[in-house]
Structures are given as C-alpha cells and as structure tokens.
file data-v1.cif (mmCIF, C-alpha atoms and all ligand atoms)
data_query
#
loop_
_atom_site.label_atom_id
_atom_site.label_comp_id
_atom_site.auth_asym_id
_atom_site.auth_seq_id
_atom_site.Cartn_x
_atom_site.Cartn_y
_atom_site.Cartn_z
CA MET L 1013 26.76 -94.88 -2.56
CA ASP L 1014 27.81 -93.77 0.91
CA PHE L 1015 27.23 -90.02 1.27
CA SER L 1016 28.69 -89.69 4.78
CA LEU L 1017 31.81 -87.88 3.50
CA LEU L 1018 29.59 -85.29 1.77
CA GLN L 1019 27.66 -84.92 5.03
CA GLN L 1020 30.93 -84.28 6.88
CA LEU L 1021 32.12 -81.81 4.23
CA VAL L 1022 28.94 -79.68 4.23
CA ASP L 1023 28.81 -79.62 8.02
CA THR L 1024 32.37 -78.22 8.21
CA PRO L 1025 32.53 -74.40 8.07
CA GLY L 1026 34.80 -72.69 5.53
CA VAL L 1027 34.05 -69.10 4.52
CA SER L 1028 36.41 -67.77 1.81
CA GLY L 1029 39.82 -67.11 3.34
CA ARG L 1030 38.99 -69.30 6.35
CA GLU L 1031 39.01 -72.73 4.75
CA GLU L 1032 41.32 -74.33 7.35
CA ARG L 1033 38.79 -76.77 8.81
CA VAL L 1034 37.75 -78.03 5.36
CA ARG L 1035 41.41 -78.26 4.39
CA GLU L 1036 42.13 -80.44 7.42
CA LEU L 1037 39.36 -82.82 6.40
CA MET L 1038 40.53 -82.85 2.77
CA ALA L 1039 44.15 -83.47 3.84
CA GLN L 1040 42.95 -86.65 5.59
CA GLN L 1041 41.12 -87.68 2.41
CA PHE L 1042 44.15 -86.96 0.19
CA ALA L 1043 46.33 -88.95 2.60
CA GLY L 1044 43.85 -91.84 2.26
CA LEU L 1045 44.44 -91.71 -1.51
CA LYS L 1046 48.21 -91.81 -0.89
CA ALA L 1047 48.63 -88.36 -2.46
CA GLN L 1048 51.67 -86.27 -1.53
CA CYS L 1049 50.27 -83.09 0.00
CA GLN L 1050 51.27 -79.46 0.26
CA THR L 1051 49.47 -76.24 1.09
CA ASP L 1052 50.29 -73.14 -0.97
CA ALA L 1053 50.45 -69.50 0.16
CA MET L 1054 46.77 -68.97 -0.69
CA GLY L 1055 45.79 -71.92 1.49
CA SER L 1056 44.91 -74.25 -1.36
CA LEU L 1057 45.63 -77.92 -0.73
CA ILE L 1058 47.53 -79.63 -3.55
CA GLY L 1059 47.77 -83.41 -3.65
CA HIS L 1060 49.96 -85.28 -6.12
CA ILE L 1061 49.41 -88.87 -7.25
CA PRO L 1062 52.40 -89.47 -9.56
CA GLY L 1063 51.74 -91.44 -12.72
CA LYS L 1064 52.57 -91.77 -16.40
CA GLY L 1065 50.78 -89.70 -19.02
CA PRO L 1066 49.69 -86.06 -19.22
CA ARG L 1067 49.81 -83.72 -16.22
CA VAL L 1068 46.19 -83.43 -15.15
CA VAL L 1069 44.46 -81.40 -12.44
CA LEU L 1070 41.11 -82.09 -10.82
CA MET L 1071 40.03 -78.97 -8.94
CA ALA L 1072 37.15 -78.04 -6.64
CA HIS L 1073 36.88 -75.17 -4.18
CA MET L 1074 36.75 -75.55 -0.41
CA ASP L 1075 35.18 -72.20 0.46
CA GLU L 1076 31.50 -71.43 0.90
CA VAL L 1077 29.55 -68.17 0.86
CA GLY L 1078 29.14 -66.66 4.32
CA PHE L 1079 29.97 -63.57 6.32
CA LEU L 1080 32.65 -61.84 8.37
CA VAL L 1081 31.87 -60.02 11.61
CA SER L 1082 32.38 -56.34 10.77
CA LYS L 1083 31.03 -54.59 13.89
CA ILE L 1084 29.80 -55.48 17.36
CA GLU L 1085 27.13 -53.14 18.74
CA PRO L 1086 27.36 -52.08 22.42
CA GLN L 1087 24.20 -54.14 23.18
CA GLY L 1088 25.89 -57.26 21.77
CA PHE L 1089 24.21 -57.37 18.34
CA ILE L 1090 26.62 -58.46 15.60
CA ARG L 1091 26.82 -56.83 12.16
CA VAL L 1092 28.38 -58.64 9.22
CA MET L 1093 29.78 -58.18 5.74
CA PRO L 1094 28.78 -60.82 3.18
CA VAL L 1095 31.56 -62.91 1.60
CA GLY L 1096 30.36 -64.12 -1.79
CA GLY L 1097 26.99 -63.61 -3.46
CA ILE L 1098 24.16 -63.83 -0.92
CA ASP L 1099 20.63 -62.55 -1.57
CA PRO L 1100 19.44 -60.45 1.42
CA ARG L 1101 16.00 -62.05 1.01
CA VAL L 1102 17.38 -65.39 2.26
CA PHE L 1103 19.28 -63.86 5.21
CA GLY L 1104 16.57 -62.68 7.61
CA ALA L 1105 15.49 -65.06 10.41
CA GLN L 1106 18.13 -67.69 9.54
CA LYS L 1107 20.04 -69.76 12.04
CA VAL L 1108 23.75 -68.93 11.81
CA MET L 1109 26.97 -69.96 13.50
CA VAL L 1110 29.44 -67.30 14.60
CA HIS L 1111 32.90 -68.86 14.70
CA GLY L 1112 34.37 -66.84 17.57
CA ARG L 1113 36.59 -68.17 20.32
CA LYS L 1114 34.15 -71.08 20.09
CA ASP L 1115 31.28 -71.88 17.72
CA LEU L 1116 28.30 -69.79 18.82
CA PRO L 1117 24.85 -70.58 17.38
CA GLY L 1118 22.69 -67.53 16.84
CA MET L 1119 20.03 -66.10 14.57
CA VAL L 1120 19.53 -63.20 12.21
CA GLY L 1121 17.07 -60.69 13.67
CA SER L 1122 13.85 -59.98 11.80
CA VAL L 1123 10.93 -57.58 12.22
CA PRO L 1124 7.70 -59.23 13.42
CA PRO L 1125 4.67 -58.50 11.19
CA HIS L 1126 3.02 -56.69 14.10
CA LEU L 1127 5.66 -53.96 13.95
CA LEU L 1128 5.88 -53.52 10.17
CA LYS L 1129 4.99 -50.03 9.02
CA LYS L 1130 1.77 -49.77 7.02
CA GLY L 1131 1.98 -46.77 4.61
CA ASP L 1132 2.57 -47.80 1.00
CA GLY L 1133 3.59 -51.25 2.08
CA LYS L 1134 7.05 -50.86 0.57
CA GLU L 1135 8.87 -51.45 3.83
CA SER L 1136 7.05 -54.70 4.39
CA LYS L 1137 7.88 -56.07 0.94
CA GLU L 1138 11.58 -55.33 0.70
CA ALA L 1139 14.19 -57.42 2.44
CA LEU L 1140 16.36 -55.63 4.95
CA PRO L 1141 19.79 -55.10 3.34
CA ILE L 1142 22.48 -57.30 4.91
CA GLU L 1143 24.31 -54.12 5.98
CA GLU L 1144 21.30 -53.18 8.15
CA SER L 1145 20.66 -56.68 9.49
CA PHE L 1146 22.14 -58.04 12.70
CA ILE L 1147 22.83 -61.33 14.44
CA ASP L 1148 21.47 -62.03 17.92
CA LEU L 1149 23.43 -64.59 19.95
CA GLY L 1150 21.03 -64.34 22.89
CA LEU L 1151 23.98 -63.65 25.19
CA PRO L 1152 24.83 -60.70 27.44
CA ALA L 1153 26.83 -57.95 25.68
CA GLU L 1154 29.91 -58.58 27.85
CA GLU L 1155 29.95 -62.25 26.92
CA VAL L 1156 29.60 -61.43 23.20
CA ALA L 1157 32.46 -58.92 23.51
CA ALA L 1158 34.65 -61.56 25.16
CA LEU L 1159 33.89 -64.32 22.63
CA VAL L 1160 33.57 -62.52 19.29
CA LYS L 1161 35.84 -60.12 17.46
CA VAL L 1162 35.79 -58.23 14.19
CA GLY L 1163 36.91 -60.58 11.40
CA ASP L 1164 35.43 -63.77 12.84
CA PRO L 1165 33.69 -65.85 10.15
CA VAL L 1166 29.96 -66.59 10.19
CA THR L 1167 28.24 -69.43 8.31
CA PHE L 1168 24.67 -70.58 7.84
CA ALA L 1169 23.96 -73.19 10.52
CA THR L 1170 22.03 -75.68 8.43
CA PRO L 1171 23.23 -79.24 9.02
CA GLY L 1172 22.81 -81.43 5.95
CA TRP L 1173 20.12 -84.11 5.66
CA GLN L 1174 19.11 -86.58 2.98
CA ASN L 1175 16.40 -88.85 1.67
CA ASP L 1176 16.73 -91.68 -0.85
CA ARG L 1177 16.74 -89.31 -3.82
CA SER L 1178 18.18 -85.99 -2.66
CA PHE L 1179 20.80 -84.34 -0.47
CA PHE L 1180 19.95 -81.06 1.30
CA SER L 1181 22.44 -78.64 2.86
CA LYS L 1182 24.28 -75.35 2.87
CA ALA L 1183 27.66 -75.31 1.06
CA ILE L 1184 26.83 -78.05 -1.49
CA ASP L 1185 28.62 -75.48 -3.70
CA ASP L 1186 31.30 -76.71 -3.76
CA ARG L 1187 31.69 -79.50 -1.23
CA VAL L 1188 29.95 -81.70 -3.78
CA GLY L 1189 32.90 -81.03 -6.12
CA LEU L 1190 35.36 -82.17 -3.43
CA PHE L 1191 33.21 -85.25 -2.77
CA VAL L 1192 33.11 -86.12 -6.49
CA MET L 1193 36.91 -85.70 -6.68
CA ILE L 1194 37.62 -88.13 -3.83
CA LYS L 1195 35.04 -90.73 -4.92
CA ALA L 1196 36.15 -90.63 -8.59
CA VAL L 1197 39.82 -91.21 -7.69
CA GLU L 1198 38.74 -94.12 -5.46
CA GLN L 1199 36.52 -95.54 -8.18
CA ALA L 1200 38.88 -95.21 -11.18
CA LYS L 1201 40.36 -98.63 -11.98
CA ASN L 1202 43.65 -97.26 -13.27
CA ILE L 1203 44.61 -93.63 -13.42
CA ASN L 1204 46.16 -92.82 -16.77
CA CYS L 1205 47.94 -89.56 -15.95
CA ASP L 1206 50.21 -87.65 -13.59
CA LEU L 1207 47.44 -86.45 -11.31
CA PHE L 1208 47.21 -83.36 -9.12
CA LEU L 1209 44.20 -82.80 -6.85
CA ILE L 1210 43.57 -79.16 -5.96
CA ALA L 1211 41.18 -78.13 -3.19
CA SER L 1212 41.21 -74.41 -3.88
CA THR L 1213 40.44 -71.33 -1.76
CA GLN L 1214 38.57 -68.04 -2.17
CA GLU L 1215 36.56 -69.04 -5.26
CA GLU L 1216 33.48 -67.24 -3.96
CA TYR L 1217 35.50 -64.04 -3.48
CA GLY L 1218 36.53 -63.79 -7.13
CA LEU L 1219 38.15 -67.09 -8.22
CA ARG L 1220 41.29 -66.12 -6.32
CA GLY L 1221 42.92 -69.41 -5.26
CA ALA L 1222 42.76 -71.28 -8.57
CA GLY L 1223 45.36 -69.34 -10.58
CA PRO L 1224 48.25 -69.67 -8.12
CA ALA L 1225 47.52 -73.41 -7.60
CA ILE L 1226 47.51 -73.98 -11.36
CA TYR L 1227 50.72 -71.98 -11.67
CA ALA L 1228 52.32 -74.26 -9.05
CA THR L 1229 51.29 -77.49 -10.78
CA LEU L 1230 51.49 -76.47 -14.46
CA PRO L 1231 49.02 -79.06 -15.79
CA GLN L 1232 48.27 -79.61 -19.46
CA ILE L 1233 44.64 -80.39 -18.66
CA ALA L 1234 42.42 -79.22 -15.78
CA LEU L 1235 38.90 -80.40 -15.02
CA VAL L 1236 36.99 -78.23 -12.56
CA LEU L 1237 34.30 -79.96 -10.50
CA GLU L 1238 31.43 -77.78 -9.36
CA GLY L 1239 27.90 -77.46 -8.11
CA THR L 1240 26.07 -75.25 -10.58
CA VAL L 1241 22.69 -73.52 -10.71
CA ALA L 1242 19.84 -75.91 -11.55
CA SER L 1243 17.23 -73.72 -13.20
CA ASP L 1244 14.37 -76.22 -13.33
CA THR L 1245 12.09 -74.89 -10.61
CA PRO L 1246 8.78 -73.00 -10.95
CA GLY L 1247 8.85 -69.28 -11.65
CA LEU L 1248 12.35 -69.10 -13.14
CA ARG L 1249 12.51 -67.52 -16.57
CA LEU L 1250 15.68 -67.92 -18.60
CA PRO L 1251 16.34 -66.02 -21.82
CA PRO L 1252 14.73 -67.83 -24.80
CA ASN L 1253 18.15 -68.80 -26.19
CA ILE L 1254 19.29 -70.66 -23.04
CA VAL L 1255 18.58 -74.31 -22.16
CA SER L 1256 18.02 -74.72 -18.43
CA THR L 1257 20.31 -77.03 -16.48
CA ALA L 1258 17.96 -79.56 -14.89
CA GLN L 1259 18.26 -82.08 -12.08
CA GLY L 1260 18.10 -85.76 -12.97
CA LYS L 1261 19.86 -85.28 -16.30
CA GLY L 1262 23.39 -85.90 -15.06
CA PRO L 1263 26.39 -83.57 -14.90
CA GLU L 1264 26.44 -80.31 -16.83
CA ILE L 1265 29.26 -80.22 -19.38
CA ARG L 1266 29.70 -76.50 -19.82
CA LEU L 1267 31.01 -75.10 -23.08
CA THR L 1268 30.91 -71.43 -22.07
CA ASP L 1269 30.07 -69.16 -19.16
CA ARG L 1270 30.73 -65.55 -18.15
CA GLY L 1271 34.47 -66.12 -17.82
CA MET L 1272 35.42 -69.21 -19.81
CA ILE L 1273 35.32 -70.89 -23.16
CA ALA L 1274 36.04 -74.56 -22.47
CA HIS L 1275 38.74 -76.35 -24.46
CA ARG L 1276 36.44 -77.84 -27.05
CA PRO L 1277 38.30 -81.14 -27.67
CA LEU L 1278 38.23 -81.74 -23.88
CA ALA L 1279 34.48 -81.01 -23.70
CA ASP L 1280 33.88 -83.29 -26.71
CA PHE L 1281 36.03 -85.98 -25.05
CA LEU L 1282 33.82 -85.81 -21.92
CA VAL L 1283 30.66 -86.04 -24.05
CA ASN L 1284 32.10 -89.07 -25.85
CA LEU L 1285 33.04 -90.77 -22.59
CA ALA L 1286 29.53 -90.17 -21.25
CA GLU L 1287 27.89 -91.47 -24.41
CA THR L 1288 30.09 -94.59 -24.50
CA ALA L 1289 29.43 -95.42 -20.83
CA LYS L 1290 25.73 -94.39 -21.11
CA ILE L 1291 26.14 -91.78 -18.36
CA PRO L 1292 23.42 -89.10 -18.49
CA HIS L 1293 24.83 -85.62 -19.15
CA GLN L 1294 23.77 -82.20 -20.44
CA VAL L 1295 25.78 -79.89 -22.67
CA ILE L 1296 25.19 -76.22 -21.85
CA VAL L 1297 26.08 -72.91 -23.49
CA LYS L 1298 25.45 -69.85 -21.32
CA ASN L 1299 27.03 -66.50 -20.50
CA THR L 1300 26.39 -66.39 -16.75
CA GLY L 1301 28.36 -67.70 -13.79
CA ALA L 1302 32.05 -68.49 -13.61
CA THR L 1303 34.15 -71.16 -11.95
CA ASP L 1304 37.78 -71.80 -11.10
CA ALA L 1305 38.10 -72.97 -14.71
CA ALA L 1306 37.99 -69.32 -15.83
CA ALA L 1307 40.90 -68.30 -13.59
CA GLY L 1308 42.82 -71.55 -14.07
CA GLN L 1309 42.61 -71.49 -17.87
CA THR L 1310 44.78 -68.39 -18.24
CA ALA L 1311 47.22 -69.06 -15.37
CA GLY L 1312 50.86 -69.77 -16.23
CA PRO L 1313 51.23 -70.71 -19.88
CA GLY L 1314 47.50 -71.53 -20.18
CA VAL L 1315 45.63 -74.80 -19.64
CA LYS L 1316 43.11 -76.93 -21.50
CA VAL L 1317 40.12 -76.64 -19.16
CA GLY L 1318 36.68 -78.12 -18.78
CA ALA L 1319 33.98 -77.61 -16.13
CA LEU L 1320 31.79 -80.47 -14.98
CA SER L 1321 29.02 -79.62 -12.55
CA VAL L 1322 26.34 -81.27 -10.46
CA PRO L 1323 23.10 -79.26 -10.92
CA VAL L 1324 22.15 -77.78 -7.53
CA ARG L 1325 18.86 -76.03 -6.75
CA TYR L 1326 18.82 -72.92 -4.51
CA LEU L 1327 22.55 -72.20 -4.79
CA HIS L 1328 24.09 -69.85 -2.18
CA ALA L 1329 20.97 -70.12 0.02
CA PRO L 1330 21.00 -71.43 3.63
CA VAL L 1331 19.86 -74.79 2.21
CA ALA L 1332 20.42 -76.08 -1.31
CA LEU L 1333 19.41 -79.39 -2.90
CA ALA L 1334 21.28 -81.87 -5.07
CA ASN L 1335 20.03 -85.05 -6.72
CA LYS L 1336 21.98 -88.14 -5.63
CA ALA L 1337 21.73 -89.80 -9.05
CA ASP L 1338 23.37 -86.70 -10.61
CA ILE L 1339 26.19 -86.87 -8.07
CA ILE L 1340 26.76 -90.57 -8.85
CA SER L 1341 26.72 -89.90 -12.62
CA THR L 1342 29.29 -87.12 -12.16
CA ILE L 1343 31.56 -89.45 -10.18
CA GLU L 1344 31.26 -92.11 -12.90
CA LEU L 1345 32.16 -89.63 -15.63
CA VAL L 1346 35.19 -88.27 -13.73
CA ALA L 1347 36.38 -91.84 -13.03
CA ALA L 1348 36.06 -92.66 -16.77
CA PHE L 1349 37.98 -89.45 -17.54
CA LEU L 1350 40.85 -90.49 -15.24
CA GLU L 1351 41.02 -93.93 -16.87
CA ARG L 1352 41.08 -92.60 -20.44
CA VAL L 1353 42.52 -89.06 -20.32
CA SER L 1354 45.80 -90.12 -21.97
CA GLU L 1355 43.78 -90.68 -25.18
CA LEU L 1356 42.84 -86.98 -25.37
CA LYS L 1357 44.67 -85.41 -28.31
ZN ZN H 1401 31.18 -72.99 -6.60
#

call {"tool": "encode", "arguments": {"input": "data-v1.cif", "output": "structure tokens", "more": "lines below"}}
Ligand SMILES: [Zn+2]
result
Amino acid sequence: MDFSLLQQLVDTPGVSGREERVRELMAQQFAGLKAQCQTDAMGSLIGHIPGKGPRVVLMAHMDEVGFLVSKIEPQGFIRVMPVGGIDPRVFGAQKVMVHGRKDLPGMVGSVPPHLLKKGDGKESKEALPIEESFIDLGLPAEEVAALVKVGDPVTFATPGWQNDRSFFSKAIDDRVGLFVMIKAVEQAKNINCDLFLIASTQEEYGLRGAGPAIYATLPQIALVLEGTVASDTPGLRLPPNIVSTAQGKGPEIRLTDRGMIAHRPLADFLVNLAETAKIPHQVIVKNTGATDAAAGQTAGPGVKVGALSVPVRYLHAPVALANKADIISTIELVAAFLERVSELK
C-alpha cells in the first residue's frame, strides 16, 4: 500500500475552523474519484458519487487539535489558546508552526532544570498550564508583530515518518479517516449505493461540522471513519469492565461511546462483512470519547450510524502512531461495505 497520500494529509495544517488547506487537498482527491463537489457554510467538503441503492455517507473530519494565537507579548513571545483537547504535559518544548503571513517555525518555551525552584518540588513536577506557556519564534519583536496576528492558527510541527510496520505523525486523528475513505472508494469493485463523501470541519471543537453536512445530504446510512485511542501501552489502566482497543487487531467497530449508540444492524453488518472476508476487527463497548457519528446520528430526521476506527496510540499528542496493517484492514472493510451496503436491511 502506498502511504504517500497519508503523508501529505498529515503534513498539511488544519486546526478546527481553519481546514482550508486540507480541504484543497481533499477536493483534488474527490475530483480524482469523479465526485461532484461542494463546500457548505461550515466549510465541510461534500462529494457526491451518484449511484443506485441507499443514500450512504462516508465521513471523516479534516481538522486537527492545535492552537490559536490569543496574545502577542511586547517582547515578541506568543501566547495561545488550545483548540481541542491537548494535555499541557505534551506542550512544553515542542516544535510548532505559527501560520501567520507565512509559516513560521518556532518552539514552546520551557524552564531549564537549573532554574527550577527547589522547595517542595511541586513546581518541578507539574506541567506549565498552556495559558502560562509561550511560543518563541526566535525573531525580533517587530518582525513577530508584522508577521503574526491574534487569531492565527498554530499546529505541532512534526512531519510524519514511517517504517515497514507503523506510521508516525501529528494529526493521524483524523487524516487517517480521510485516507481510508479515498483508498476504500478506489478499491471497491462496484459501489452499491448513492454515495456522499463528507470531509467535515470542527470535530475537535465539539463535533460541529457533521450535523449540518448530514442535514444537507440526508443519508439513510452514515459510516464515520476515525482514528481512535489505542489503549494497549504500558501504564494505562482501564476500568475492569472495558476491553482495551489494541493495535494489530484491525479496525474498532464501536457499539457505544460517550455520545452514540451505533445502529446495531449496521454494526452487526460490519462484523459479518469482516468475518466473511477474514478481516481482523474488534468490537468495543465503552462510554468515553465521541465522534462525528454522535452529531450526525441525530441530524435531520436521524441516520443509521456506525463508527469504524483505526486504533492510534498517543492521540492528540505532537506525534501519534498507527499500525499500517490496521489501516489496510480498515480500508478493506470499508471497500467491502461499499460493495454490499445495499444488502443491509
Ligand atoms: Zn477524530
């Protein structure tokens, strides 16, 4: 499998509300699939591949967690507001890109150990809150003032890399969903439905783009493609009643989360497809996390939804990690879904 499109997707910045560069890239991909394209008022890209059968949506979000410039100090240090869930413990000392009048690489300031206060040691153990942190562009204050303004987006500056088994990068959530969408449509032998592709906006800011895009397309069935938390690393303790989503076991077919109860016949249909085609998969019940499926399910007259996710370690951090075999299995399952979806009762 050629992962160069995923590489391109993760290397393109797109903080919630500022997805335009990712949208441009996705518009080229949709055009390559001969989809008719439109952009809605929320900025979501909607592609239509007309066909016979049920109205079906595949949806993945374009935005990534990041920051907005909220204040520029007189000395040129930049303060930010987080957009989406970011742990302050993974913010300090990171390389970031401030998307001002041009892309400006910089870093998040940190306190050297030499200057940490002794005392009870509390100060040296706690991460600096993001509100108190700052970005240093290493430029004179006047130049910063000329190039950066309040509201400019900021992303982690971690270009993706890969080895034979794994793919590493920022923004795998949810560029991997967009990648799966494109590859599955390419791979499906015949598409058995009237298909809409939605590259949604503002998911990380509260699932905001999905509802309007669903309302515009009025599908009977929507399958949301995501990168979800892989909880298979040392030191993580889940409640005793929860099975951890692990890498190497194929896509997660989610029955519930914090905001959704999947349409059970659709989830069962996906499990059946996976079993028939011998595609590894894991069925998960949990009450944490939420995806566009939660917002899409109750938009308009309501939709039969499912959520299919590639397990990703270190989600929302400056670098996350996905297993290539899981990505390939997810693509295979979505392709099988497109070929057979008209059989879903
Ligand atoms: Zn996501």

call {"tool": "residues_near_ligand", "arguments": {"input": "data-v1.cif", "ligand": "ligand ZN 1401 (chain H)", "cutoff": "8 Å", "atoms": "all atoms listed in the file", "output": "list in words"}}
result
Ala1072, His1073, Glu1076, Asp1185, Asp1186, Glu1215, Glu1216, Glu1238, Gly1239, Thr1240 and Thr1303 of chain L

call {"tool": "atom_distance", "arguments": {"input": "data-v1.cif", "atom1": "CA of Tyr1227 (chain L)", "atom2": "CA of Phe1208 (chain L)"}}
result
12.2 Å

call {"tool": "residues_near_point", "arguments": {"input": "data-v1.cif", "point": "(55.8, -77.7, -5.0)", "cutoff": "9 Å", "atoms": "all atoms listed in the file", "output": "ChimeraX atom specification"}}
result
/L:1050-1052,1058,1228-1229

call {"tool": "residues_around", "arguments": {"input": "data-v1.cif", "residues": "Val1324 (chain L)", "least_positions_apart": "3", "cutoff": "7 Å", "atoms": "all atoms listed in the file", "output": "list of chain:residue names"}}
result
L:Gly1239, L:Thr1240, L:Val1241, L:Ala1242, L:Leu1327, L:Ala1332, L:Leu1333, L:Ala1334

call {"tool": "closest_atom_pairs", "arguments": {"input": "data-v1.cif", "of": "region 1120-1203 of chain L", "to": "region 1337-1354 of chain L", "cutoff": "10 Å", "atoms": "only C-alpha atoms", "output": "CSV"}}
result
residue,atom,partner,partner_atom,distance
L:Asp1176,CA,L:Ala1337,CA,9.8
L:Arg1177,CA,L:Ala1337,CA,7.2
L:Ser1178,CA,L:Ala1337,CA,8.2
L:Phe1179,CA,L:Ile1339,CA,9.7
L:Val1188,CA,L:Ile1339,CA,7.7
L:Gly1189,CA,L:Ile1339,CA,9.1
L:Phe1191,CA,L:Ile1343,CA,8.7
L:Val1192,CA,L:Ile1343,CA,5.2
L:Met1193,CA,L:Ile1343,CA,7.4
L:Ile1194,CA,L:Ile1343,CA,8.9
L:Lys1195,CA,L:Ile1343,CA,6.4
L:Ala1196,CA,L:Ala1347,CA,4.6
L:Val1197,CA,L:Ala1347,CA,6.4
L:Glu1198,CA,L:Ala1347,CA,8.3
L:Gln1199,CA,L:Ala1347,CA,6.1
L:Ala1200,CA,L:Ala1347,CA,4.6
L:Lys1201,CA,L:Glu1351,CA,6.8
L:Asn1202,CA,L:Glu1351,CA,5.6
L:Ile1203,CA,L:Glu1351,CA,5.0

call {"tool": "residues_around", "arguments": {"input": "data-v1.cif", "residues": "Ala1047 (chain L)", "least_positions_apart": "2", "cutoff": "7 Å", "atoms": "all atoms listed in the file", "output": "PyMOL selection string"}}
result
chain L and resi 1042-1043+1045+1049+1059-1061

call {"tool": "atom_distance", "arguments": {"input": "data-v1.cif", "atom1": "CA of Gly1262 (chain L)", "atom2": "CA of Ala1222 (chain L)"}}
result
25.1 Å

call {"tool": "closest_residue", "arguments": {"input": "data-v1.cif", "among": "L:Leu1057, L:Val1123, L:Val1110, L:Ala1311", "to": "Glu1032 (chain L)", "atoms": "all atoms listed in the file"}}
result
L:Leu1057

call {"tool": "atom_distance", "arguments": {"input": "data-v1.cif", "atom1": "CA of Arg1033 (chain L)", "atom2": "CA of Ala1053 (chain L)"}}
result
16.2 Å

call {"tool": "closest_residue", "arguments": {"input": "data-v1.cif", "among": "L:Ser1181, L:Gln1020, L:Thr1288, L:Thr1310", "to": "Phe1168 (chain L)", "atoms": "all atoms listed in the file"}}
result
L:Ser1181

call {"tool": "residues_around", "arguments": {"input": "data-v1.cif", "residues": "region 1152-1162 of chain L", "least_positions_apart": "5", "cutoff": "10 Å", "atoms": "all atoms listed in the file", "output": "PDB file with C-alpha atoms, keeping the file's coordinate frame"}}
result
ATOM      1  CA  LEU L1080      32.650 -61.840   8.370  1.00  0.00           C
ATOM      2  CA  VAL L1081      31.870 -60.020  11.610  1.00  0.00           C
ATOM      3  CA  SER L1082      32.380 -56.340  10.770  1.00  0.00           C
ATOM      4  CA  LYS L1083      31.030 -54.590  13.890  1.00  0.00           C
ATOM      5  CA  ILE L1084      29.800 -55.480  17.360  1.00  0.00           C
ATOM      6  CA  GLU L1085      27.130 -53.140  18.740  1.00  0.00           C
ATOM      7  CA  PRO L1086      27.360 -52.080  22.420  1.00  0.00           C
ATOM      8  CA  GLN L1087      24.200 -54.140  23.180  1.00  0.00           C
ATOM      9  CA  GLY L1088      25.890 -57.260  21.770  1.00  0.00           C
ATOM     10  CA  PHE L1089      24.210 -57.370  18.340  1.00  0.00           C
ATOM     11  CA  ILE L1090      26.620 -58.460  15.600  1.00  0.00           C
ATOM     12  CA  ARG L1091      26.820 -56.830  12.160  1.00  0.00           C
ATOM     13  CA  VAL L1092      28.380 -58.640   9.220  1.00  0.00           C
ATOM     14  CA  VAL L1110      29.440 -67.300  14.600  1.00  0.00           C
ATOM     15  CA  HIS L1111      32.900 -68.860  14.700  1.00  0.00           C
ATOM     16  CA  GLY L1112      34.370 -66.840  17.570  1.00  0.00           C
ATOM     17  CA  ARG L1113      36.590 -68.170  20.320  1.00  0.00           C
ATOM     18  CA  LYS L1114      34.150 -71.080  20.090  1.00  0.00           C
ATOM     19  CA  ASP L1115      31.280 -71.880  17.720  1.00  0.00           C
ATOM     20  CA  LEU L1116      28.300 -69.790  18.820  1.00  0.00           C
TER      21      LEU L1116
END

call {"tool": "closest_residue", "arguments": {"input": "data-v1.cif", "among": "L:Ala1211, L:Met1071, L:Val1317, L:Leu1235", "to": "Ile1273 (chain L)", "atoms": "all atoms listed in the file"}}
result
L:Val1317

call {"tool": "residues_around", "arguments": {"input": "data-v1.cif", "residues": "Val1120 (chain L)", "least_positions_apart": "4", "cutoff": "8 Å", "atoms": "only C-alpha atoms", "output": "JSON, numbers by chain"}}
result
{"L": [1103, 1104, 1105, 1106, 1107, 1108, 1145, 1146, 1147, 1148]}

call {"tool": "closest_residue", "arguments": {"input": "data-v1.cif", "among": "L:Ile1184, L:Ile1265, L:Leu1190, L:Leu1151", "to": "Asn1284 (chain L)", "atoms": "all atoms listed in the file"}}
result
L:Ile1265

call {"tool": "build_atoms", "arguments": {"input": "data-v1.cif", "residues": "region 1338-1351 of chain L", "atoms": "N, CA and C atoms", "output": "short mmCIF file (atom, residue, chain, number, x, y, z; two decimals), in the frame of the given file"}}
result
data_model
loop_
_atom_site.label_atom_id
_atom_site.label_comp_id
_atom_site.auth_asym_id
_atom_site.auth_seq_id
_atom_site.Cartn_x
_atom_site.Cartn_y
_atom_site.Cartn_z
N ASP L 1338 22.47 -87.61 -9.88
CA ASP L 1338 23.37 -86.70 -10.61
C ASP L 1338 24.79 -86.75 -10.03
N ILE L 1339 24.87 -86.81 -8.71
CA ILE L 1339 26.19 -86.87 -8.07
C ILE L 1339 26.90 -88.16 -8.50
N ILE L 1340 26.17 -89.27 -8.47
CA ILE L 1340 26.76 -90.57 -8.85
C ILE L 1340 27.19 -90.55 -10.32
N SER L 1341 26.35 -89.98 -11.20
CA SER L 1341 26.72 -89.90 -12.62
C SER L 1341 27.99 -89.06 -12.81
N THR L 1342 28.11 -87.99 -12.05
CA THR L 1342 29.29 -87.12 -12.16
C THR L 1342 30.54 -87.89 -11.74
N ILE L 1343 30.43 -88.64 -10.65
CA ILE L 1343 31.56 -89.45 -10.18
C ILE L 1343 31.96 -90.46 -11.27
N GLU L 1344 30.97 -91.11 -11.86
CA GLU L 1344 31.26 -92.11 -12.90
C GLU L 1344 31.98 -91.48 -14.09
N LEU L 1345 31.54 -90.29 -14.47
CA LEU L 1345 32.16 -89.63 -15.63
C LEU L 1345 33.59 -89.18 -15.31
N VAL L 1346 33.83 -88.68 -14.10
CA VAL L 1346 35.19 -88.27 -13.73
C VAL L 1346 36.10 -89.50 -13.63
N ALA L 1347 35.58 -90.61 -13.11
CA ALA L 1347 36.38 -91.84 -13.03
C ALA L 1347 36.75 -92.30 -14.45
N ALA L 1348 35.78 -92.26 -15.37
CA ALA L 1348 36.06 -92.66 -16.77
C ALA L 1348 37.11 -91.73 -17.38
N PHE L 1349 37.01 -90.44 -17.06
CA PHE L 1349 37.98 -89.45 -17.54
C PHE L 1349 39.39 -89.81 -17.06
N LEU L 1350 39.53 -90.16 -15.79
CA LEU L 1350 40.85 -90.49 -15.24
C LEU L 1350 41.43 -91.75 -15.90
N GLU L 1351 40.54 -92.68 -16.25
CA GLU L 1351 41.02 -93.93 -16.87
C GLU L 1351 41.46 -93.72 -18.32
#
